[in-house]
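> Take this structure, written in structure tokens, and hold onto it; I'll ask about it next.
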Amino acid sequence: MYNALYARQSVEKKDSISVESQLEYCRYENHGEAFIEYTDKGFSGKDTNRPGFEHMMADIHAGKINRVIVYKLDRISRSILDFANMMETFQKYHVEFISSTEKFDTSTPIGRAMLNICIVFAQLERETIQKRITDAYYARCRRGFYMGGRIPYGYRLADTVIDNIHTSMYEEIPEESSQLKLIYSMYADTDNSLGDIVQYLDEHQIKNLRGASWNTARISEMIRNPVYVEADIDVYKFFQSQGTNICNPASDFTGCNACYLYRGTASNTRKQSSLSGKELVLAPHKGFIPSDIWLACRIRCLNNRQSTKTCKPKNSWLSGKIKCGSCGYALVIRKSNTKWGRYFVCSQTGKRGNCNGTGCTVYADVLEEYMFSAIKERLSGFPVLKENLHTCIPGISDKEKNMADKIRLVQIEEETSKLLSKVPEAGNVLIKYIDKKISELDTERKTLQAEAARTSAQNKGYKSQQITNHIKLWEKLSFEDRQAVTDILVSVIHISNGNLEITWNI
């Protein structure tokens, strides 16, 4: 029979006792008896998944050990459950347990009680350390420090100083960023799927400059990453709408910096598509993808099932635009031998536990004729149309003022929300002040919104005289041209129980 001398050290630091020093204490307590040493370097005490510990327990089950000696209780376990199971095994095989620095006598009830009390505090200490490390990590994240990990494609590391602390930041690599700009611009066009982009890059011999091969998963990851975006107030509003915790105020989102996105302490999901509970921080480096292009790509990724044009079949120029008003999924074309020929059905019908359909028969010819009339009526409200089909003519010459107005509108919403939250606990005097302040904010909000509406009315000229010409020559247009006009004018069409709701882009 042998004594087991066990030592563990999770991280080697100057202020922690080494495995060798622990064993010295255990040898002294062993008093010259035969022993076997078991060690675990680089393993936490949070569980028992440690090779040295498992080897020792195997020898206990084999009847080789009659006493276990450790330097300190928390060296063998920091978990109440694991410690209880271990002590049960020790009692079963008549193994004594000795802590050389704490002097426990496990043969008495008070000694066993003291052991249990100490292990409770050992677990508390472990959880406290874990919480402190997590808090320190996220505190550094929120200040924009570089937190390690794979360097995103398009960037290299450069030295910088934040709050008098030396750290690193990303620096653009023009050769790689130009490829990313191409990828983003292609995916912003709903004609292109991720597969189309990979095929284009391969056919034009546009190589990944880091030696990897292009694939849809990698490109999708790049498109979702806010580390590339020129983060302005529109990006702030997007993440705010998704339930993301934004660490910087709205006034900081001026388009000069990119963003870091972290899982966050409040996040309750690991799904990449979900942004709720994650934390967004302005990064110290500059982005190189304009916010409108990045948002178009990110929203398309977020709502991929409702993508309006990817792989759109050539059976109706409305395909991809029509959604079921009950479940939100796309309506797809079915063909029949009747005089109507084609009709739309919900793509989720016929599947167990899913949608029961739109509640009515949606004939394709009837719907196309109706939408053509609706488009002509919609265009009649915009008699002044500009010349370019895809170019937006800015209605405000001062871009900075436009951005400032958007930021101020967000700030007004946040200030109003904070004031309203104080109403239940407010007295008469405070309520009068809140009412006055909210009235002032509401007046300012209406003024800014009116100005934005005038600007929007001016900018609606970007839908081009060419659209009107297309409508006049509709019967002669190609299938692709009809789809292009529909994509410009119509955002989505919802149909349910005989009701049709059109959401227009203009």
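Going through the structure tokens in order, the chains are called A, B, and so on, while each chain numbers its residues from 1 and the ligands are numbered from 1 in the order shown.
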With only C-alpha atoms as the counted atoms, please give the residues lying no more than 12 Å from Glu125 (chain A), apart from itself and same-chain residues fewer than 4 positions off, as a list in words.

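Using only C-alpha atoms, the neighbours found are Gly45, Lys46, Asp74, Ser77, Arg78, Ser79, Cys118, Ile119, Val120, Phe121, Ile129, Gln130, Lys131 and Arg132 of chain A.
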
> I need the residues from that last selection saved to file as a CSV table (one decimal), in the first residue's frame (with C-alpha atoms), if you can.


chain,number,residue,atom,x,y,z
A,45,GLY,CA,-9.8,22.5,-10.3
A,46,LYS,CA,-13.3,23.3,-11.6
A,74,ASP,CA,-8.4,23.5,-3.3
A,77,SER,CA,-11.0,20.1,-6.1
A,78,ARG,CA,-12.8,23.4,-6.3
A,79,SER,CA,-16.2,21.8,-6.9
A,118,CYS,CA,-13.7,24.7,3.1
A,119,ILE,CA,-14.7,23.2,-0.2
A,120,VAL,CA,-17.7,25.6,-0.3
A,121,PHE,CA,-15.3,28.5,0.0
A,129,ILE,CA,-11.9,34.5,-9.9
A,130,GLN,CA,-13.8,33.4,-13.0
A,131,LYS,CA,-16.2,36.4,-12.7
A,132,ARG,CA,-13.4,38.8,-12.2

> Taking into account only C-alpha atoms, which residue in the set A:Lys437, A:Phe35, A:Leu23, A:Arg112 is nearest to Lys72 (chain A)?

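That would be A:Leu23, the residue with the smallest distance to Lys72 (chain A).
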
> Extract, using only C-alpha atoms, all DNA, RNA and protein residues at most 7 Å from Ser491 (chain A), discarding same-chain residues fewer than 6 positions from it, and format them as an MDAnalysis selection string.

chainID A and resid 321 503:505

> Where in region 203-304 of chain A does DSSP assign strand (DSSP E), given as a ChimeraX atom specification?

/A:245-246,259-262,279-282

> Write the selection just made, keeping all heavy atoms, as a PDB file, in the first residue's frame?


ATOM      1  N   ASN A 245     -26.477  45.211 -27.270  1.00  0.00           N
ATOM      2  CA  ASN A 245     -26.022  46.181 -26.281  1.00  0.00           C
ATOM      3  C   ASN A 245     -24.913  47.033 -26.909  1.00  0.00           C
ATOM      4  O   ASN A 245     -23.835  46.511 -27.201  1.00  0.00           O
ATOM      5  CB  ASN A 245     -25.500  45.474 -25.029  1.00  0.00           C
ATOM      6  CG  ASN A 245     -26.572  44.638 -24.349  1.00  0.00           C
ATOM      7  OD1 ASN A 245     -27.732  45.025 -24.302  1.00  0.00           O
ATOM      8  ND2 ASN A 245     -26.190  43.488 -23.840  1.00  0.00           N
ATOM      9  N   ILE A 246     -25.182  48.302 -27.095  1.00  0.00           N
ATOM     10  CA  ILE A 246     -24.224  49.198 -27.747  1.00  0.00           C
ATOM     11  C   ILE A 246     -23.491  49.990 -26.679  1.00  0.00           C
ATOM     12  O   ILE A 246     -24.103  50.725 -25.897  1.00  0.00           O
ATOM     13  CB  ILE A 246     -24.941  50.137 -28.738  1.00  0.00           C
ATOM     14  CG1 ILE A 246     -25.744  49.293 -29.741  1.00  0.00           C
ATOM     15  CG2 ILE A 246     -23.938  51.019 -29.458  1.00  0.00           C
ATOM     16  CD1 ILE A 246     -26.594  50.126 -30.691  1.00  0.00           C
ATOM     17  N   CYS A 259     -16.424  48.538 -36.122  1.00  0.00           N
ATOM     18  CA  CYS A 259     -16.977  48.015 -34.860  1.00  0.00           C
ATOM     19  C   CYS A 259     -16.400  46.646 -34.527  1.00  0.00           C
ATOM     20  O   CYS A 259     -16.008  45.887 -35.413  1.00  0.00           O
ATOM     21  CB  CYS A 259     -18.502  47.882 -34.960  1.00  0.00           C
ATOM     22  SG  CYS A 259     -19.371  49.420 -35.207  1.00  0.00           S
ATOM     23  N   TYR A 260     -16.384  46.349 -33.235  1.00  0.00           N
ATOM     24  CA  TYR A 260     -16.161  44.996 -32.738  1.00  0.00           C
ATOM     25  C   TYR A 260     -17.504  44.476 -32.214  1.00  0.00           C
ATOM     26  O   TYR A 260     -18.249  45.209 -31.557  1.00  0.00           O
ATOM     27  CB  TYR A 260     -15.169  44.975 -31.580  1.00  0.00           C
ATOM     28  CG  TYR A 260     -13.746  45.357 -31.915  1.00  0.00           C
ATOM     29  CD1 TYR A 260     -13.001  46.161 -31.053  1.00  0.00           C
ATOM     30  CD2 TYR A 260     -13.137  44.898 -33.075  1.00  0.00           C
ATOM     31  CE1 TYR A 260     -11.687  46.507 -31.336  1.00  0.00           C
ATOM     32  CE2 TYR A 260     -11.821  45.238 -33.376  1.00  0.00           C
ATOM     33  CZ  TYR A 260     -11.103  46.041 -32.496  1.00  0.00           C
ATOM     34  OH  TYR A 260      -9.807  46.368 -32.786  1.00  0.00           O
ATOM     35  N   LEU A 261     -17.797  43.208 -32.486  1.00  0.00           N
ATOM     36  CA  LEU A 261     -19.013  42.577 -31.971  1.00  0.00           C
ATOM     37  C   LEU A 261     -18.611  41.388 -31.113  1.00  0.00           C
ATOM     38  O   LEU A 261     -17.933  40.475 -31.587  1.00  0.00           O
ATOM     39  CB  LEU A 261     -19.916  42.113 -33.117  1.00  0.00           C
ATOM     40  CG  LEU A 261     -21.265  41.508 -32.711  1.00  0.00           C
ATOM     41  CD1 LEU A 261     -22.142  42.557 -32.040  1.00  0.00           C
ATOM     42  CD2 LEU A 261     -21.974  40.906 -33.917  1.00  0.00           C
ATOM     43  N   TYR A 262     -19.017  41.413 -29.837  1.00  0.00           N
ATOM     44  CA  TYR A 262     -18.692  40.346 -28.895  1.00  0.00           C
ATOM     45  C   TYR A 262     -19.967  39.637 -28.475  1.00  0.00           C
ATOM     46  O   TYR A 262     -21.056  40.217 -28.513  1.00  0.00           O
ATOM     47  CB  TYR A 262     -17.990  40.899 -27.660  1.00  0.00           C
ATOM     48  CG  TYR A 262     -16.676  41.583 -27.967  1.00  0.00           C
ATOM     49  CD1 TYR A 262     -16.586  42.975 -27.987  1.00  0.00           C
ATOM     50  CD2 TYR A 262     -15.536  40.839 -28.244  1.00  0.00           C
ATOM     51  CE1 TYR A 262     -15.380  43.611 -28.271  1.00  0.00           C
ATOM     52  CE2 TYR A 262     -14.328  41.464 -28.525  1.00  0.00           C
ATOM     53  CZ  TYR A 262     -14.259  42.842 -28.537  1.00  0.00           C
ATOM     54  OH  TYR A 262     -13.073  43.464 -28.830  1.00  0.00           O
ATOM     55  N   GLU A 279     -22.668  42.421 -27.665  1.00  0.00           N
ATOM     56  CA  GLU A 279     -22.167  43.755 -27.354  1.00  0.00           C
ATOM     57  C   GLU A 279     -21.402  44.326 -28.540  1.00  0.00           C
ATOM     58  O   GLU A 279     -20.527  43.659 -29.104  1.00  0.00           O
ATOM     59  CB  GLU A 279     -21.275  43.701 -26.108  1.00  0.00           C
ATOM     60  CG  GLU A 279     -22.032  43.287 -24.863  1.00  0.00           C
ATOM     61  CD  GLU A 279     -21.277  43.594 -23.586  1.00  0.00           C
ATOM     62  OE1 GLU A 279     -20.121  44.044 -23.678  1.00  0.00           O
ATOM     63  OE2 GLU A 279     -21.852  43.395 -22.503  1.00  0.00           O
ATOM     64  N   LEU A 280     -21.747  45.548 -28.894  1.00  0.00           N
ATOM     65  CA  LEU A 280     -21.123  46.249 -30.014  1.00  0.00           C
ATOM     66  C   LEU A 280     -20.281  47.399 -29.468  1.00  0.00           C
ATOM     67  O   LEU A 280     -20.750  48.196 -28.666  1.00  0.00           O
ATOM     68  CB  LEU A 280     -22.188  46.795 -30.968  1.00  0.00           C
ATOM     69  CG  LEU A 280     -21.649  47.413 -32.256  1.00  0.00           C
ATOM     70  CD1 LEU A 280     -21.292  46.309 -33.250  1.00  0.00           C
ATOM     71  CD2 LEU A 280     -22.673  48.358 -32.878  1.00  0.00           C
ATOM     72  N   VAL A 281     -19.027  47.462 -29.920  1.00  0.00           N
ATOM     73  CA  VAL A 281     -18.087  48.480 -29.458  1.00  0.00           C
ATOM     74  C   VAL A 281     -17.439  49.135 -30.668  1.00  0.00           C
ATOM     75  O   VAL A 281     -17.039  48.441 -31.616  1.00  0.00           O
ATOM     76  CB  VAL A 281     -16.985  47.856 -28.569  1.00  0.00           C
ATOM     77  CG1 VAL A 281     -16.068  48.941 -28.024  1.00  0.00           C
ATOM     78  CG2 VAL A 281     -17.594  47.054 -27.435  1.00  0.00           C
ATOM     79  N   LEU A 282     -17.324  50.439 -30.650  1.00  0.00           N
ATOM     80  CA  LEU A 282     -16.595  51.114 -31.720  1.00  0.00           C
ATOM     81  C   LEU A 282     -15.119  50.761 -31.612  1.00  0.00           C
ATOM     82  O   LEU A 282     -14.516  50.837 -30.538  1.00  0.00           O
ATOM     83  CB  LEU A 282     -16.786  52.628 -31.626  1.00  0.00           C
ATOM     84  CG  LEU A 282     -18.102  53.173 -32.173  1.00  0.00           C
ATOM     85  CD1 LEU A 282     -18.158  54.684 -31.973  1.00  0.00           C
ATOM     86  CD2 LEU A 282     -18.284  52.849 -33.646  1.00  0.00           C
TER      87      LEU A 282
END

> Name the residues in contact with region 205-217 of chain A at a cut-off of 12 Å, using only C-alpha atoms, excluding same-chain residues fewer than 3 positions from it; report them as an MDAnalysis selection string.

chainID A and resid 151:156 173:180 182:183 187 193:202 220:224 301

> Would you mind reading off the distance between CA of Leu73 (chain A) and CA of His94 (chain A), one decimal, in Å?

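We find that CA of Leu73 (chain A) and CA of His94 (chain A) lie 18.7 Å from each other.
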
> Could you give me, as number ranges by chain, the residues within 8 Å of Tyr38 (chain A), counting only C-alpha atoms and dropping anything in the same chain fewer than 6 positions from it?

A: 4-7, 52-53, 55-56

> May I have the selected residues written with C-alpha atoms, as a PDB file, in the first residue's frame?


ATOM      1  CA  ALA A   4      -0.662   9.254  -2.854  1.00  0.00           C
ATOM      2  CA  LEU A   5       0.947  12.696  -3.043  1.00  0.00           C
ATOM      3  CA  TYR A   6      -1.171  14.891  -5.311  1.00  0.00           C
ATOM      4  CA  ALA A   7      -0.267  18.369  -6.656  1.00  0.00           C
ATOM      5  CA  GLY A  52      -2.980  12.819 -12.853  1.00  0.00           C
ATOM      6  CA  PHE A  53      -6.161  12.833 -10.783  1.00  0.00           C
ATOM      7  CA  HIS A  55      -4.637   7.961 -12.609  1.00  0.00           C
ATOM      8  CA  MET A  56      -4.734   8.359  -8.805  1.00  0.00           C
TER       9      MET A  56
END
